[in-house]
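Data file: model_5.txt. Format and content: compact mmCIF, C-alpha atoms and all ligand atoms.
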```txt
# COMPACT_ATOMS: atom_id res chain seq x y z
CA MET A 1 -2.37 -11.79 -18.30
CA ASN A 2 -0.35 -9.10 -20.12
CA TYR A 3 -0.22 -5.62 -18.68
CA ASN A 4 0.82 -2.43 -20.48
CA ASN A 5 1.24 -0.16 -17.48
CA ILE A 6 2.50 -2.36 -14.67
CA LEU A 7 4.90 -5.25 -14.23
CA PHE A 8 3.31 -8.06 -12.25
CA SER A 9 5.16 -10.99 -10.71
CA VAL A 10 4.86 -13.49 -7.91
CA GLU A 11 8.11 -14.31 -6.09
CA GLY A 12 7.40 -17.24 -3.76
CA SER A 13 4.59 -16.04 -1.49
CA VAL A 14 5.07 -12.37 -2.36
CA ALA A 15 3.23 -10.67 -5.23
CA VAL A 16 4.85 -7.56 -6.69
CA ILE A 17 3.04 -4.83 -8.63
CA LYS A 18 5.50 -2.40 -10.22
CA PHE A 19 4.14 0.80 -11.79
CA ASN A 20 5.70 0.90 -15.23
CA ARG A 21 5.34 4.16 -17.12
CA PRO A 22 8.84 5.52 -16.51
CA GLN A 23 8.51 8.02 -19.40
CA ALA A 24 5.81 9.77 -17.29
CA LEU A 25 7.43 9.00 -13.91
CA ASN A 26 4.85 6.21 -13.51
CA ALA A 27 1.93 8.67 -13.45
CA ILE A 28 -1.53 7.16 -13.02
CA ASN A 29 -4.22 7.22 -15.71
CA PRO A 30 -7.38 5.10 -15.99
CA ASP A 31 -5.47 2.30 -17.79
CA VAL A 32 -3.05 2.01 -14.87
CA LEU A 33 -6.00 1.76 -12.47
CA LYS A 34 -7.49 -1.02 -14.64
CA ASP A 35 -4.20 -2.94 -14.74
CA VAL A 36 -3.77 -2.76 -10.98
CA ASN A 37 -7.35 -3.93 -10.41
CA ALA A 38 -6.79 -6.87 -12.79
CA ALA A 39 -3.55 -7.83 -11.01
CA LEU A 40 -5.38 -7.72 -7.65
CA ASP A 41 -7.99 -10.07 -9.18
CA GLU A 42 -5.16 -12.47 -10.10
CA ILE A 43 -3.67 -12.29 -6.60
CA VAL A 44 -6.90 -13.12 -4.79
CA LYS A 45 -7.24 -16.24 -6.95
CA ASN A 46 -3.73 -17.42 -6.05
CA PRO A 47 -3.76 -19.15 -2.66
CA LEU A 48 0.06 -19.12 -2.51
CA VAL A 49 0.30 -15.33 -2.23
CA LYS A 50 0.49 -14.01 1.34
CA VAL A 51 1.97 -10.51 0.95
CA LEU A 52 1.70 -7.81 -1.73
CA VAL A 53 4.39 -5.21 -2.50
CA PHE A 54 3.90 -2.08 -4.62
CA THR A 55 6.90 -0.34 -6.16
CA GLY A 56 7.87 1.73 -9.21
CA GLU A 57 9.97 0.90 -12.26
CA GLY A 58 13.14 2.93 -12.74
CA ASP A 59 15.24 4.72 -10.17
CA LYS A 60 13.35 7.99 -10.21
CA ALA A 61 9.72 7.48 -9.29
CA PHE A 62 7.32 5.32 -7.35
CA VAL A 63 4.41 7.29 -8.84
CA ALA A 64 4.63 11.04 -9.56
CA GLY A 65 0.87 11.44 -9.22
CA ALA A 66 -2.19 11.24 -11.38
CA ASP A 67 -1.38 11.82 -15.06
CA ILE A 68 -1.64 15.56 -15.65
CA LYS A 69 -1.87 15.05 -19.43
CA HIS A 70 -4.95 12.91 -18.80
CA MET A 71 -6.50 15.35 -16.32
CA VAL A 72 -5.95 18.63 -18.13
CA THR A 73 -9.03 18.31 -20.36
CA LEU A 74 -11.39 16.50 -17.95
CA THR A 75 -14.86 17.89 -17.42
CA PRO A 76 -16.05 18.11 -13.79
CA LEU A 77 -18.07 14.89 -14.21
CA GLN A 78 -15.11 13.07 -15.76
CA ALA A 79 -12.87 14.35 -12.93
CA ARG A 80 -15.37 13.04 -10.41
CA GLU A 81 -15.40 9.64 -12.10
CA PHE A 82 -11.58 9.51 -12.27
CA GLY A 83 -11.43 10.37 -8.55
CA ARG A 84 -14.11 7.79 -7.74
CA VAL A 85 -12.33 4.97 -9.58
CA GLY A 86 -9.01 5.94 -7.97
CA GLN A 87 -10.56 6.07 -4.51
CA GLU A 88 -12.26 2.68 -5.03
CA LEU A 89 -8.92 1.12 -5.96
CA LEU A 90 -7.24 2.62 -2.90
CA PHE A 91 -10.02 1.31 -0.64
CA ARG A 92 -9.47 -2.08 -2.26
CA ILE A 93 -5.73 -1.92 -1.53
CA GLU A 94 -6.36 -0.75 2.04
CA GLN A 95 -8.81 -3.59 2.66
CA PHE A 96 -6.91 -6.17 0.63
CA PRO A 97 -6.98 -9.45 2.56
CA MET A 98 -3.24 -9.63 3.15
CA PRO A 99 -0.43 -7.29 4.23
CA VAL A 100 0.46 -4.71 1.57
CA ILE A 101 3.82 -2.89 1.64
CA ALA A 102 4.71 0.23 -0.36
CA CYS A 103 8.37 0.14 -1.43
CA VAL A 104 8.90 3.77 -2.43
CA ASN A 105 11.93 4.05 -4.69
CA GLY A 106 11.58 7.71 -5.76
CA PHE A 107 8.87 10.36 -6.13
CA ALA A 108 5.59 9.51 -4.38
CA LEU A 109 3.60 12.62 -5.15
CA GLY A 110 -0.12 13.33 -5.29
CA GLY A 111 -1.81 10.06 -6.30
CA GLY A 112 1.52 8.29 -5.65
CA CYS A 113 1.63 9.40 -2.04
CA GLU A 114 -2.06 8.47 -1.79
CA ILE A 115 -1.39 4.94 -3.11
CA ALA A 116 1.48 4.52 -0.64
CA MET A 117 -0.79 5.63 2.21
CA SER A 118 -3.39 3.01 1.26
CA CYS A 119 -0.75 0.33 1.93
CA ASP A 120 -0.27 -1.10 5.42
CA PHE A 121 3.15 0.51 5.76
CA ILE A 122 5.77 2.29 3.72
CA TYR A 123 9.48 1.58 3.28
CA ALA A 124 11.43 4.16 1.30
CA SER A 125 14.80 4.82 -0.23
CA GLU A 126 16.85 7.82 0.86
CA LYS A 127 16.08 9.16 -2.63
CA ALA A 128 12.30 9.01 -2.11
CA ARG A 129 10.29 12.21 -1.99
CA PHE A 130 6.74 12.61 -0.69
CA GLY A 131 4.11 15.27 -1.09
CA GLN A 132 0.64 16.33 -2.13
CA PRO A 133 1.55 19.07 -4.65
CA GLU A 134 -1.93 19.30 -6.24
CA ILE A 135 -2.27 22.87 -4.93
CA ASN A 136 0.41 23.87 -7.47
CA LEU A 137 -1.90 22.63 -10.25
CA GLY A 138 -4.81 24.62 -8.86
CA VAL A 139 -6.61 21.55 -7.50
CA ILE A 140 -6.78 19.38 -4.38
CA PRO A 141 -5.82 15.73 -3.76
CA GLY A 142 -8.44 13.45 -5.32
CA PHE A 143 -7.51 9.87 -4.32
CA GLY A 144 -8.10 10.31 -0.57
CA GLY A 145 -5.06 12.43 0.31
CA THR A 146 -7.02 15.00 2.32
CA GLN A 147 -8.39 12.14 4.43
CA ARG A 148 -5.55 9.63 4.82
CA LEU A 149 -2.68 12.09 5.28
CA GLY A 150 -4.21 13.65 8.40
CA ARG A 151 -4.96 10.23 9.81
CA ARG A 152 -1.27 9.35 9.43
CA VAL A 153 0.50 12.55 10.42
CA GLY A 154 -2.18 14.68 12.14
CA ASN A 155 -4.43 17.28 10.56
CA SER A 156 -2.19 20.31 11.08
CA MET A 157 0.79 18.66 9.37
CA ALA A 158 -1.53 17.39 6.60
CA LYS A 159 -2.86 20.91 6.08
CA GLU A 160 0.65 22.35 5.90
CA LEU A 161 1.74 19.75 3.33
CA CYS A 162 -1.39 20.05 1.17
CA MET A 163 -1.57 23.85 1.39
CA THR A 164 2.12 24.46 0.58
CA GLY A 165 2.49 21.56 -1.87
CA ALA A 166 5.87 20.93 -0.23
CA ILE A 167 7.86 17.93 -1.40
CA ILE A 168 9.63 16.38 1.57
CA LYS A 169 12.59 14.02 1.83
CA ALA A 170 12.32 10.47 3.14
CA ASP A 171 13.90 11.25 6.53
CA GLU A 172 11.36 14.03 7.14
CA ALA A 173 8.55 11.71 6.05
CA LYS A 174 9.82 9.25 8.66
CA ASN A 175 10.06 11.94 11.34
CA ILE A 176 6.40 12.93 10.88
CA GLY A 177 5.26 9.30 10.93
CA LEU A 178 4.26 9.02 7.28
CA ILE A 179 6.63 6.14 6.59
CA ASN A 180 8.14 3.37 8.68
CA ARG A 181 11.75 3.04 7.50
CA VAL A 182 14.34 4.61 5.21
CA PHE A 183 17.09 2.60 3.48
CA PRO A 184 19.93 3.41 1.08
CA ALA A 185 18.59 3.14 -2.49
CA GLU A 186 20.80 0.08 -3.15
CA THR A 187 19.32 -1.96 -0.28
CA LEU A 188 15.68 -0.82 -0.33
CA TRP A 189 14.43 -3.72 -2.44
CA GLU A 190 16.37 -6.36 -0.51
CA GLU A 191 15.16 -4.97 2.82
CA THR A 192 11.57 -4.77 1.61
CA MET A 193 11.63 -8.36 0.38
CA ARG A 194 13.27 -9.48 3.63
CA THR A 195 10.34 -8.05 5.59
CA ALA A 196 7.78 -9.27 3.03
CA ASN A 197 9.15 -12.83 3.25
CA LEU A 198 9.31 -12.70 7.03
CA ILE A 199 5.64 -11.69 7.16
CA ALA A 200 4.80 -14.34 4.54
CA SER A 201 6.22 -17.00 6.88
CA LYS A 202 3.43 -16.21 9.40
CA GLY A 203 -0.13 -17.52 9.38
CA LYS A 204 -2.53 -16.00 6.86
CA THR A 205 -5.48 -16.00 9.24
CA ALA A 206 -3.56 -14.21 11.99
CA LEU A 207 -2.19 -11.66 9.51
CA LYS A 208 -5.70 -10.86 8.32
CA GLY A 209 -6.90 -10.67 11.93
CA ILE A 210 -4.21 -8.14 12.84
CA LYS A 211 -4.87 -5.99 9.76
CA ASP A 212 -8.61 -6.06 10.27
CA CYS A 213 -8.50 -5.34 14.02
CA ILE A 214 -6.05 -2.43 13.72
CA ASP A 215 -7.87 -0.85 10.76
CA ARG A 216 -11.42 -1.30 12.06
CA GLY A 217 -10.42 -0.52 15.63
CA SER A 218 -8.99 2.87 14.74
CA ASP A 219 -12.54 4.04 13.95
CA MET A 220 -13.90 2.71 17.27
CA ASP A 221 -13.66 3.71 20.91
CA LEU A 222 -11.24 1.60 22.97
CA ILE A 223 -13.86 -0.60 24.65
CA ASN A 224 -15.59 -1.55 21.40
CA GLY A 225 -12.25 -1.98 19.65
CA CYS A 226 -11.10 -4.39 22.36
CA ARG A 227 -14.42 -6.30 22.21
CA MET A 228 -13.95 -6.70 18.46
CA GLU A 229 -10.41 -7.93 19.11
CA SER A 230 -11.74 -10.52 21.62
CA ASP A 231 -14.12 -11.90 18.99
CA ALA A 232 -11.32 -12.08 16.41
CA PHE A 233 -9.02 -13.69 19.00
CA ALA A 234 -11.67 -16.33 19.77
CA LEU A 235 -12.35 -17.00 16.08
CA ILE A 236 -8.70 -17.66 15.41
CA PHE A 237 -8.80 -20.58 17.87
CA THR A 238 -10.81 -22.44 15.21
CA SER A 239 -7.84 -22.10 12.83
CA PRO A 240 -5.31 -24.93 12.32
CA ASP A 241 -2.61 -22.25 12.58
CA GLN A 242 -3.40 -21.71 16.27
CA LYS A 243 -2.87 -25.42 17.02
CA GLU A 244 0.25 -25.49 14.85
CA GLY A 245 1.81 -22.31 16.28
CA MET A 246 1.30 -23.24 19.91
CA SER A 247 2.23 -26.94 19.44
CA ALA A 248 5.38 -25.96 17.55
CA PHE A 249 6.43 -23.66 20.39
CA LEU A 250 5.93 -26.40 22.99
CA GLU A 251 7.68 -28.97 20.79
CA LYS A 252 10.57 -26.52 20.20
CA ARG A 253 10.24 -26.57 16.42
CA THR A 254 9.53 -24.00 13.71
CA PRO A 255 5.79 -23.73 12.95
CA GLU A 256 4.46 -24.43 9.47
CA PHE A 257 1.43 -22.25 8.97
CA LYS A 258 -0.97 -23.46 6.29
CA GLY A 259 -4.39 -22.34 7.47
CA ASP A 260 -6.65 -19.74 5.94
CA LEU A 261 -9.86 -19.30 7.84
CA TYR A 262 -11.41 -16.46 5.88
N1 LIG A 301 1.60 13.39 -14.97
C1 LIG A 301 2.03 13.30 -16.25
N2 LIG A 301 3.34 13.37 -16.58
C2 LIG A 301 4.24 13.54 -15.60
C3 LIG A 301 3.85 13.63 -14.25
C4 LIG A 301 2.46 13.55 -13.94
N3 LIG A 301 2.00 13.59 -12.67
N4 LIG A 301 4.96 13.80 -13.49
C5 LIG A 301 6.01 13.82 -14.35
N5 LIG A 301 5.57 13.64 -15.62
C6 LIG A 301 6.36 13.61 -16.86
C7 LIG A 301 6.86 14.99 -17.24
O1 LIG A 301 5.86 15.72 -17.94
C8 LIG A 301 8.05 14.64 -18.10
O2 LIG A 301 7.57 14.25 -19.37
P1 LIG A 301 8.32 14.80 -20.72
O3 LIG A 301 9.70 14.21 -20.61
O4 LIG A 301 7.49 14.20 -21.80
O5 LIG A 301 8.30 16.27 -20.63
C9 LIG A 301 8.60 13.37 -17.42
O6 LIG A 301 7.54 12.85 -16.64
C10 LIG A 301 9.77 13.66 -16.51
O7 LIG A 301 9.36 14.64 -15.59
P2 LIG A 301 10.20 16.00 -15.32
O8 LIG A 301 10.98 16.38 -16.56
O9 LIG A 301 9.26 17.03 -14.79
O10 LIG A 301 11.23 15.50 -14.22
P3 LIG A 301 11.91 16.38 -13.09
O11 LIG A 301 12.95 15.50 -12.46
O12 LIG A 301 12.35 17.69 -13.60
O13 LIG A 301 10.75 16.64 -12.00
C11 LIG A 301 8.89 16.04 -10.60
C12 LIG A 301 10.19 15.59 -11.30
C13 LIG A 301 9.23 17.02 -9.47
C14 LIG A 301 8.24 14.81 -10.01
C15 LIG A 301 7.98 16.72 -11.65
O14 LIG A 301 7.84 15.86 -12.77
C16 LIG A 301 6.61 17.03 -11.12
O15 LIG A 301 6.42 17.98 -10.41
N6 LIG A 301 5.59 16.20 -11.52
C17 LIG A 301 4.23 16.45 -11.18
C18 LIG A 301 3.95 16.05 -9.75
C19 LIG A 301 2.52 16.35 -9.39
O16 LIG A 301 2.07 17.48 -9.47
N7 LIG A 301 1.78 15.31 -8.94
C20 LIG A 301 0.39 15.46 -8.57
C21 LIG A 301 -0.50 15.19 -9.74
S1 LIG A 301 -2.20 15.56 -9.39
C22 LIG A 301 -2.78 14.23 -8.52
O17 LIG A 301 -2.07 13.28 -8.25
C23 LIG A 301 -4.23 14.30 -8.15
C24 LIG A 301 -4.68 13.20 -7.26
O18 LIG A 301 -4.63 13.31 -6.06
C25 LIG A 301 -5.26 12.03 -7.82
```
As structure tokens, please, write out the structure in this file.
Ligand code: CAA
Amino acid sequence: MNYNNILFSVEGSVAVIKFNRPQALNAINPDVLKDVNAALDEIVKNPLVKVLVFTGEGDKAFVAGADIKHMVTLTPLQAREFGRVGQELLFRIEQFPMPVIACVNGFALGGGCEIAMSCDFIYASEKARFGQPEINLGVIPGFGGTQRLGRRVGNSMAKELCMTGAIIKADEAKNIGLINRVFPAETLWEETMRTANLIASKGKTALKGIKDCIDRGSDMDLINGCRMESDAFALIFTSPDQKEGMSAFLEKRTPEFKGDLY
């Protein structure tokens, strides 16, 4: 399929979605949301893909937010629909049945920061900048930023960032726990792909189990979370990957994971 607003590729077991509107710092409009949804449809049909990476085209931006030119004339009902479609996509990314990494190469502002936060974890270049600057436009975050930011960095830090509209550097984003790692701009892509390929060498079923247990468990109390983990742990013993992983260890060889239980 041809896309106008993203670049989509599959490199081995890793799918890459690159936001591609550099003239608008990769800002998000409804067409971008459609393209990303269509690429996700392609990925779920491809059994070879085990990890998804989001990044931005150019050296300046991951995504500088929702497209302000698109939003400036929206009616309240249109704004609600734009927010709804954006939020649905971010739920889809968050619940996507494989690990999803945000490789943040530049500005991740507003909707861009929100997209990154819907990924399982964030790697960033030293040049990356993060923030929810919607307050400066007289509005509030609309793709889940008021909800996911506090869950990542705590409500008081989320309030400070959203209320001031501050744009923070990558090392500060790491210090507050928003992102996992910071790399020099020249090595960000290589490091991201190294991790993506390492994860892709693991078993699909176990990867989904980890993602599901950590995400669902964070909304549960500890006892119920651990019970859910026990059920997932038991289920995985029906997977060929469990036999392969444990046999390979005992036979002192590298495992070859091929199973996909779900
Ligand atoms: N929407 C539309 N166009 C955008 C954009 C956006 N979010 N961000 C940047 N652009 C455009 C600029 O208008 C400019 O276009 P022209 O060359 O045609 O004038 C081009 O991208 C380059 O941008 P700048 O000249 O502004 O570049 P800069 O280096 O001086 O500044 C920046 C970079 C600090 C990121 C600045 O562009 C900026 O502040 N952008 C807006 C960031 C923002 O407010 N994001 C939140 C949007 S609201 C939102 O996302 C709501 C939500 O939760 C869903």
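A distance cut-off of 6 Å from ligand LIG 301 (chain A), applied to only C-alpha atoms and all ligand atoms, picks out the residues Gln23, Ala24, Leu25, Ala27, Ala64, Gly65, Ala66, Asp67, Ile68, Lys69, Phe107, Leu109, Gly110, Gly111, Pro133, Glu134, Pro141, Gly142 and Phe143 of chain A.
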Give me, as an MDAnalysis selection string, all polymer residues having an atom no more than 8 Å from range 149-157 of chain A, counting all atoms listed in the file and skipping those fewer than 6 positions away in the same chain. chainID A and resid 114 117 176:178
Let me make sure I understand: among A:Gly86, A:Gly203, A:Gly56, A:Pro76, which one has the smallest atom-to-atom distance to Cys103 in chain A if we use all atoms listed in the file? A:Gly56
Residue contacts of Glu94 in chain A (9 Å, all atoms listed in the file) excluding same-chain residues fewer than 4 positions away, as a VMD selection string: chain A and resid 89 to 90 100 117 to 120 215
Could you check the closest approach to Gln95 in chain A for each of A:Lys208, A:Lys243, A:Lys50, A:Lys252 and tell me which residue wins, using all atoms listed in the file? A:Lys208
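Between CA of Ile135 in chain A and CA of Asp31 in chain A the separation is 24.5 Å.
All polymer residues at most 10 Å from (-1.6, -26.2, 15.1), using all atoms listed in the file, appear as Phe237, Thr238, Ser239, Pro240, Asp241, Gln242, Lys243, Glu244, Gly245, Met246, Ser247, Ala248, Phe249, Pro255, Glu256, Phe257, Lys258 and Gly259 of chain A.
Restricting the calculation to all atoms listed in the file, the smallest distance between Ile28 in chain A and any of A:Leu161, A:Ala196, A:Ala108, A:Leu222 is found for A:Ala108.
A straight line drawn from CA of Lys169 in chain A to CA of Thr55 in chain A is 17.4 Å long.
With all atoms listed in the file as the atoms that count, the residue of A:Asn29, A:Thr254, A:Ser125, A:Gln132 with the shortest distance to Asp59 in chain A is A:Ser125.
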Using only C-alpha atoms, determine which residues lie at most 12 Å from Gly217 in chain A, disregarding the query and same-chain residues fewer than 3 positions distant; provide the list as a list of chain:residue names. A:Gly209, A:Ile210, A:Lys211, A:Asp212, A:Cys213, A:Ile214, A:Met220, A:Asp221, A:Leu222, A:Ile223, A:Asn224, A:Gly225, A:Cys226, A:Arg227, A:Met228, A:Glu229, A:Ser230, A:Ala232
